[in-house]
2 protein chains.
Amino acid sequence: MTKEHELIERYFAPLSGGVASGAFGLLDDVGVMSPFPHGFDRLATVDTLVAGVHFFADDAPEDIAWKALAVNVSDIVAKGGAPADYLLALSLPETGAYGDDWLAAFAKGLQEAQTHFRCMLLGGDTVRTPGPLGISITLLGVAPVTQMVRRQGAKSGDLVYVSGHIGDAALGLLLRQGDERLQAAALDEAQRQALLQAYLRPQPSLALGQIIRPLASASMDISDGLAGDFARLCAASCVGGVIDSAALPLSPAATAALAASPDLLNTVLCGGDDYQLLFTVSPQQAEELEKTAASRGQKVSRIGGIVSASAGVKVLDADGEPLDLAKAAYDHFA
Amino acid sequence: MTKEHELIERYFAPLSGGVASGAFGLLDDVGVMSPFPHGFDRLATVDTLVAGVHFFADDAPEDIAWKALAVNVSDIVAKGGAPADYLLALSLPETGAYGDDWLAAFAKGLQEAQTHFRCMLLGGDTVRTPGPLGISITLLGVAPVTQMVRRQGAKSGDLVYVSGHIGDAALGLLLRQGDERLQAAALDEAQRQALLQAYLRPQPSLALGQIIRPLASASMDISDGLAGDFARLCAASCVGGVIDSAALPLSPAATAALAASPDLLNTVLCGGDDYQLLFTVSPQQAEELEKTAASRGQKVSRIGGIVSASAGVKVLDADGEPLDLAKAAYDHFA
């Protein structure tokens with residue numbers, strides 16, 4: 001079996017920017033973060049993905065690597081920050097299933113993702129485990145001092161926005177699992193692929209992070225389902241809020257799926273894995289937000305508004321009636 | 001089962017310095033690192049511990065927590081840095097073995113360790129896994145700009161030092177495993193406890209990190225056995241080196257064990273888990289190093305010297321004969 005230092009040298013050192021970078025070619029015990037001028041806050045976040053829990057063990061290694069980095073980028077971007085460096089803690093099963101071919105493909109996926117998301121491998125640790133494959137990435141980023149956008153900060157009267165399309169990833173997971181409702185929807189191949197890819201390859205937008213930073217009153221990424229995450233944002237901000245489900249931005253594939261099986265709306269609202277932004281903007285800033293996003297090719301959609309805490313958190317159906325949110329606050333952990 | 005946000009609020013938020021700190025009481029997606037004046041490099045390192053691989057699943061949760069943080073502190077200290085913030089990625093088995101009592105004790109151990117090592121919880125992620133307990137900690141630290149002590153930098157003629165005692169943790173592991181040689185050594189209870197504690201509770205010294213920073217030409221922590229780690233330091237520095245095993249600083253317990261079974265020297269040299277510092281100092285700096293360490297109550301011992309690369313890396317026995325190092329470069333991963 002390949003020794004740890006050989007594995008690092010062969011697969012991961014090329015991701016670290018060479019011996020002249022702060023990662024020192026992964027030849028040292030500690031990395032020095034990318035330098036930034038004074039006036040930036042240093043941000044940090046960590047997310048762990050476990051095979052069989054957060055992805056399928058037989059997913060393409062490139063896709064697993066992409067997702068492991070992208071879910072962290074999503075957090076940093078949602079705060080108006082920019083990624084800079086990351087550390088990779090890889091727990092590799094003792095079985096032979098994760099040999100050289102797998103590692104080469106995994107490193108290729110990481111390379112692709114870090115190039116896309118403009119960050120660099122700063123350090124890591126690789127251990128063997130009797131358990132499933134586990135990938136824990138700590139992403140370090142920056143934002144101008146005190147400008148990180150918090151979950152708290154939404155005020156009554158603010159407008160609620162999301163980026164991109166909602167629900168594609170959750171529908172992609174159902175499709176993957178052979179759910180009958182998605183079979184019944186008779187999606188064409190392009191639509192099927194769009195849903196599957198949304199699940200496999202989250203696409204947080206660095207540009208959008210920069211756009212919302214000076215404009216959003218509160219922001220988070222949608223990882224555990226829009227309805228539940230909206231409830232969390234409202235709770236952190238001590239406000240209530242309303243989402244109009246008829247205003248949800250749906251892809252052609254999701255539109256087709258919901259036309260065939262309207263009850264899939266629950267999946268769209270609560271399914272998780274969107275990795276889109278959920279943010280609030282004051283009415284005075286809304287025009288600038290929409291104009292800036294449009295000019296930079298970023299899709300944002302207004303889906304609701306913030307109200308006082310006493311009014312609670314609601315998602316309305318097409319008739320304006322509140323949906324039952326009891327099951328909506330999805331918790332991976334419950 | 002406790003929901004993730006309840007678990008965070010109950011056990012981990014108290015470790016984060018409250019809502020006014022950069023961790024925002026763990027109520028947000030991203031933390032802001034502790035502020036430091038301009039002129040500091042930001043350091044980062046990550047280490048993963050897996051139950052059954054790096055510790056025993058039935059170790060006291062307080063000890064597991066301590067070790068998970070201490071092994072990272074050891075890396076930062078070995079580079080002349082100081083810990084500041086850490087992120088915790090916790091993979092909890094789906095079994096009920098890690099319930100509220102376990103988590104409360106684990107959090108207590110973390111609290112104790114972070115107070116001792118002067119750092120704060122900045123963020124984290126908790127997931128369920130069908131595998132064993134896994135703990136991955138990313139530790140963020142600081143050092144004055146460009147003053148981080150690298151593995152490379154040792155020069156022919158430099159003296160080789162280690163901190164503390166060598167081999168206690170590896171002997172503690174053998175003792176725990178019921179090794180006959182340690183039974184034969186007839187250690188007293190205090191000696192047994194010293195070895196067991198060395199394995200359970202590594203004690204990297206923040207003070208020593210500050211002492212070596214301006215004086216050491218190269219440094220690393222000893223995690224995989226002195227002999228193998230010395231070979232790594234020499235390789236990174238493109239030098240050879242000699243360690244005189246008769247000069248190794250041994251605790252009373254290790255001395256007693258080796259007196260009973262001299263072949264335990266191999267365990268002392270190659271066993272791992274020391275988490276002491278291994279560093280080199282030029283002859284001109286040696287006196288200052290020894291004086292400063294003594295004045296601050298830090299035990300450092302000169303155990304050898306650096307030579308040219310062509311002379312290779314050797315560990316000499318008591319008669320000055322090279323020991324067989326073929327098995328010495330222990331690799332957790334091989």
# chains A, B, ... in the order shown; residues from 1 in each chain; ligands from 1
$ interface_residues --of "chain B" --to "chain A" --cutoff "8 Å" --atoms "only C-alpha atoms" --output "number ranges by chain"
B: 1-4, 27-33, 35, 38, 41-50, 53, 75-76, 79, 87-89, 91, 122-132, 136, 138, 150-151, 220, 236, 331-334
$ write_last_selection --atoms "C-alpha atoms" --output "mmCIF file, in the first residue's frame"
data_model
loop_
_atom_site.group_PDB
_atom_site.id
_atom_site.type_symbol
_atom_site.label_atom_id
_atom_site.label_comp_id
_atom_site.auth_asym_id
_atom_site.auth_seq_id
_atom_site.Cartn_x
_atom_site.Cartn_y
_atom_site.Cartn_z
ATOM 1 C CA MET B 1 -31.648 11.706 19.099
ATOM 2 C CA THR B 2 -30.429 15.198 19.764
ATOM 3 C CA LYS B 3 -30.615 17.475 16.757
ATOM 4 C CA GLU B 4 -27.401 18.959 15.466
ATOM 5 C CA LEU B 27 -24.787 30.419 15.281
ATOM 6 C CA ASP B 28 -23.486 31.277 11.831
ATOM 7 C CA ASP B 29 -22.021 29.314 8.927
ATOM 8 C CA VAL B 30 -18.549 30.807 9.094
ATOM 9 C CA GLY B 31 -16.290 32.137 11.824
ATOM 10 C CA VAL B 32 -13.986 35.139 11.784
ATOM 11 C CA MET B 33 -10.519 34.311 13.094
ATOM 12 C CA PRO B 35 -7.718 39.418 15.114
ATOM 13 C CA HIS B 38 -0.290 43.261 11.121
ATOM 14 C CA ASP B 41 1.675 35.061 9.521
ATOM 15 C CA ARG B 42 -1.441 32.943 9.842
ATOM 16 C CA LEU B 43 -0.685 29.250 10.285
ATOM 17 C CA ALA B 44 -2.962 26.276 9.739
ATOM 18 C CA THR B 45 -2.702 22.543 10.329
ATOM 19 C CA VAL B 46 -5.130 19.634 10.509
ATOM 20 C CA ASP B 47 -4.972 16.220 12.159
ATOM 21 C CA THR B 48 -7.552 13.471 12.223
ATOM 22 C CA LEU B 49 -7.918 10.867 14.961
ATOM 23 C CA VAL B 50 -9.999 7.744 14.337
ATOM 24 C CA VAL B 53 -6.635 3.609 14.926
ATOM 25 C CA ASP B 75 2.454 20.942 15.171
ATOM 26 C CA ILE B 76 1.973 24.683 15.638
ATOM 27 C CA LYS B 79 6.973 25.696 14.113
ATOM 28 C CA LEU B 87 -12.430 24.098 14.009
ATOM 29 C CA LEU B 88 -13.854 20.738 15.005
ATOM 30 C CA ALA B 89 -15.187 18.218 12.497
ATOM 31 C CA SER B 91 -18.008 12.236 12.878
ATOM 32 C CA LEU B 122 -14.202 28.968 15.967
ATOM 33 C CA GLY B 123 -16.494 26.606 14.104
ATOM 34 C CA GLY B 124 -17.263 23.035 13.331
ATOM 35 C CA ASP B 125 -19.379 20.414 11.713
ATOM 36 C CA THR B 126 -21.015 17.373 13.253
ATOM 37 C CA VAL B 127 -22.140 14.463 11.117
ATOM 38 C CA ARG B 128 -23.334 10.937 11.747
ATOM 39 C CA THR B 129 -21.272 8.095 10.342
ATOM 40 C CA PRO B 130 -21.811 4.340 10.070
ATOM 41 C CA GLY B 131 -18.080 4.080 10.832
ATOM 42 C CA PRO B 132 -16.057 4.682 13.978
ATOM 43 C CA SER B 136 -10.620 16.125 12.726
ATOM 44 C CA THR B 138 -8.011 22.241 12.123
ATOM 45 C CA ARG B 150 10.564 24.932 8.978
ATOM 46 C CA ARG B 151 11.535 21.273 8.781
ATOM 47 C CA MET B 220 9.171 19.441 13.805
ATOM 48 C CA ALA B 236 13.713 17.997 4.227
ATOM 49 C CA ASP B 331 4.375 5.090 8.755
ATOM 50 C CA HIS B 332 0.848 4.914 10.133
ATOM 51 C CA PHE B 333 -0.241 4.516 6.597
ATOM 52 C CA ALA B 334 1.969 1.725 5.245
#
$ residues_around --residues "A:Trp102" --least-positions-apart "3" --cutoff "12 Å" --atoms "only C-alpha atoms" --output "list in words"
Leu7, Tyr11, Ala57, Asp58, Asp59, Ala60, Pro61, Glu62, Asp63, Ile64, Ala65, Leu92, Gly96, Ala97, Tyr98, Gly99, Ala105, Phe106, Ala107, Lys108, Gly109 and Leu133 of chain A
$ residues_around --residues "A:Met120" --least-positions-apart "4" --cutoff "7 Å" --atoms "only C-alpha atoms" --output "number ranges by chain"
A: 15-17, 84-86, 114
$ atom_distance --atom1 "atom CA of B:Gln177" --atom2 "atom CA of B:His165"
20.9 Å
$ select_by_dssp --residues "stretch 129-164 of chain B" --states "strand (DSSP E or B)" --output "VMD selection string"
chain B and resid 129 134 to 144 159 to 163
$ write_last_selection --atoms "all heavy atoms" --output "tab-separated table (two decimals), in the first residue's frame"
chain	number	residue	atom	x	y	z
B	129	THR	N	-21.98	9.02	11.23
B	129	THR	CA	-21.27	8.09	10.34
B	129	THR	C	-21.59	6.66	10.74
B	129	THR	O	-21.73	6.36	11.93
B	129	THR	CB	-19.74	8.32	10.40
B	129	THR	OG1	-19.09	7.29	9.64
B	129	THR	CG2	-19.23	8.27	11.83
B	134	GLY	N	-14.73	9.71	14.55
B	134	GLY	CA	-13.62	10.39	13.92
B	134	GLY	C	-13.60	11.85	14.34
B	134	GLY	O	-14.65	12.50	14.42
B	135	ILE	N	-12.42	12.36	14.65
B	135	ILE	CA	-12.29	13.74	15.10
B	135	ILE	C	-11.21	14.40	14.28
B	135	ILE	O	-10.05	13.99	14.31
B	135	ILE	CB	-11.89	13.82	16.58
B	135	ILE	CG1	-12.87	13.02	17.43
B	135	ILE	CG2	-11.81	15.27	17.05
B	135	ILE	CD1	-12.29	12.59	18.75
B	136	SER	N	-11.59	15.42	13.55
B	136	SER	CA	-10.62	16.12	12.73
B	136	SER	C	-10.61	17.57	13.20
B	136	SER	O	-11.63	18.25	13.15
B	136	SER	CB	-11.07	16.03	11.27
B	136	SER	OG	-10.04	16.37	10.42
B	137	ILE	N	-9.46	17.99	13.69
B	137	ILE	CA	-9.36	19.37	14.18
B	137	ILE	C	-8.40	20.15	13.28
B	137	ILE	O	-7.31	19.68	12.98
B	137	ILE	CB	-8.90	19.42	15.65
B	137	ILE	CG1	-10.08	19.02	16.56
B	137	ILE	CG2	-8.38	20.81	16.03
B	137	ILE	CD1	-9.81	19.12	18.05
B	138	THR	N	-8.88	21.30	12.84
B	138	THR	CA	-8.01	22.24	12.12
B	138	THR	C	-7.64	23.33	13.11
B	138	THR	O	-8.52	24.00	13.65
B	138	THR	CB	-8.74	22.86	10.92
B	138	THR	OG1	-9.11	21.81	10.02
B	138	THR	CG2	-7.83	23.85	10.19
B	139	LEU	N	-6.35	23.49	13.33
B	139	LEU	CA	-5.89	24.51	14.28
B	139	LEU	C	-5.26	25.66	13.50
B	139	LEU	O	-4.41	25.44	12.64
B	139	LEU	CB	-4.88	23.90	15.25
B	139	LEU	CG	-4.32	24.87	16.30
B	139	LEU	CD1	-5.42	25.42	17.21
B	139	LEU	CD2	-3.25	24.17	17.16
B	140	LEU	N	-5.70	26.86	13.82
B	140	LEU	CA	-5.19	28.07	13.19
B	140	LEU	C	-4.32	28.79	14.22
B	140	LEU	O	-4.71	28.91	15.38
B	140	LEU	CB	-6.36	28.95	12.76
B	140	LEU	CG	-7.44	28.22	11.95
B	140	LEU	CD1	-8.63	29.14	11.69
B	140	LEU	CD2	-6.86	27.69	10.66
B	141	GLY	N	-3.17	29.22	13.79
B	141	GLY	CA	-2.26	29.87	14.71
B	141	GLY	C	-1.57	31.05	14.06
B	141	GLY	O	-1.91	31.44	12.94
B	142	VAL	N	-0.63	31.60	14.79
B	142	VAL	CA	0.12	32.75	14.27
B	142	VAL	C	1.59	32.63	14.63
B	142	VAL	O	1.96	31.96	15.59
B	142	VAL	CB	-0.41	34.09	14.86
B	142	VAL	CG1	-1.82	34.38	14.37
B	142	VAL	CG2	-0.35	34.08	16.37
B	143	ALA	N	2.40	33.29	13.83
B	143	ALA	CA	3.82	33.47	14.12
B	143	ALA	C	4.22	34.78	13.48
B	143	ALA	O	3.65	35.18	12.47
B	143	ALA	CB	4.65	32.32	13.57
B	144	PRO	N	5.20	35.48	14.06
B	144	PRO	CA	5.68	36.72	13.43
B	144	PRO	C	6.08	36.43	11.98
B	144	PRO	O	6.61	35.35	11.68
B	144	PRO	CB	6.89	37.09	14.28
B	144	PRO	CG	6.63	36.46	15.61
B	144	PRO	CD	5.90	35.19	15.32
B	159	LEU	N	23.44	21.21	16.14
B	159	LEU	CA	23.18	20.24	17.20
B	159	LEU	C	21.70	19.86	17.18
B	159	LEU	O	20.85	20.66	16.84
B	159	LEU	CB	23.55	20.86	18.55
B	159	LEU	CG	24.96	21.49	18.59
B	159	LEU	CD1	25.20	22.18	19.94
B	159	LEU	CD2	26.03	20.44	18.31
B	160	VAL	N	21.45	18.62	17.58
B	160	VAL	CA	20.07	18.09	17.56
B	160	VAL	C	19.54	18.01	18.99
B	160	VAL	O	20.20	17.44	19.87
B	160	VAL	CB	20.03	16.70	16.90
B	160	VAL	CG1	18.61	16.12	16.95
B	160	VAL	CG2	20.55	16.77	15.47
B	161	TYR	N	18.36	18.57	19.19
B	161	TYR	CA	17.72	18.57	20.51
B	161	TYR	C	16.33	17.95	20.45
B	161	TYR	O	15.68	17.97	19.42
B	161	TYR	CB	17.55	20.00	21.03
B	161	TYR	CG	18.83	20.66	21.50
B	161	TYR	CD1	19.68	21.28	20.59
B	161	TYR	CD2	19.18	20.67	22.85
B	161	TYR	CE1	20.86	21.90	21.00
B	161	TYR	CE2	20.36	21.29	23.28
B	161	TYR	CZ	21.19	21.89	22.36
B	161	TYR	OH	22.34	22.49	22.78
B	162	VAL	N	15.90	17.43	21.58
B	162	VAL	CA	14.49	17.07	21.76
B	162	VAL	C	14.01	17.69	23.07
B	162	VAL	O	14.81	18.00	23.96
B	162	VAL	CB	14.26	15.54	21.81
B	162	VAL	CG1	14.53	14.91	20.46
B	162	VAL	CG2	15.09	14.89	22.91
B	163	SER	N	12.71	17.85	23.17
B	163	SER	CA	12.11	18.33	24.41
B	163	SER	C	11.63	17.14	25.25
B	163	SER	O	11.44	16.04	24.73
B	163	SER	CB	10.94	19.27	24.11
B	163	SER	OG	9.90	18.54	23.48
$ residues_around --residues "B:Ala169" --least-positions-apart "2" --cutoff "9 Å" --atoms "only C-alpha atoms" --output "list in words"
Ile166, Gly167, Leu171, Gly172, Leu173, Leu174, Ala194, Leu195, Leu196, Gln197, Ala198, Tyr199, Leu200, Arg201, Pro202, Val268, Gly271, Gly272, Asp273, Asp274 and Tyr275 of chain B
$ select_by_dssp --residues "stretch 82-153 of chain B" --states "alpha helix (DSSP H)" --output "PyMOL selection string"
chain B and resi 100-117
$ atom_distance --atom1 "atom CA of A:Ser21" --atom2 "atom CA of A:Gln111"
16.0 Å
$ closest_residue --among "A:Gly241, A:Ala253, A:Val73, A:Gln298" --to "A:Val313" --atoms "only C-alpha atoms"
A:Gly241
$ atom_distance --atom1 "atom CA of B:Ala318" --atom2 "atom CA of B:Ala254"
16.0 Å
$ closest_residue --among "B:Ala207, B:Leu215, B:Ala104, B:Ala259" --to "B:Ser295" --atoms "only C-alpha atoms"
B:Ala207
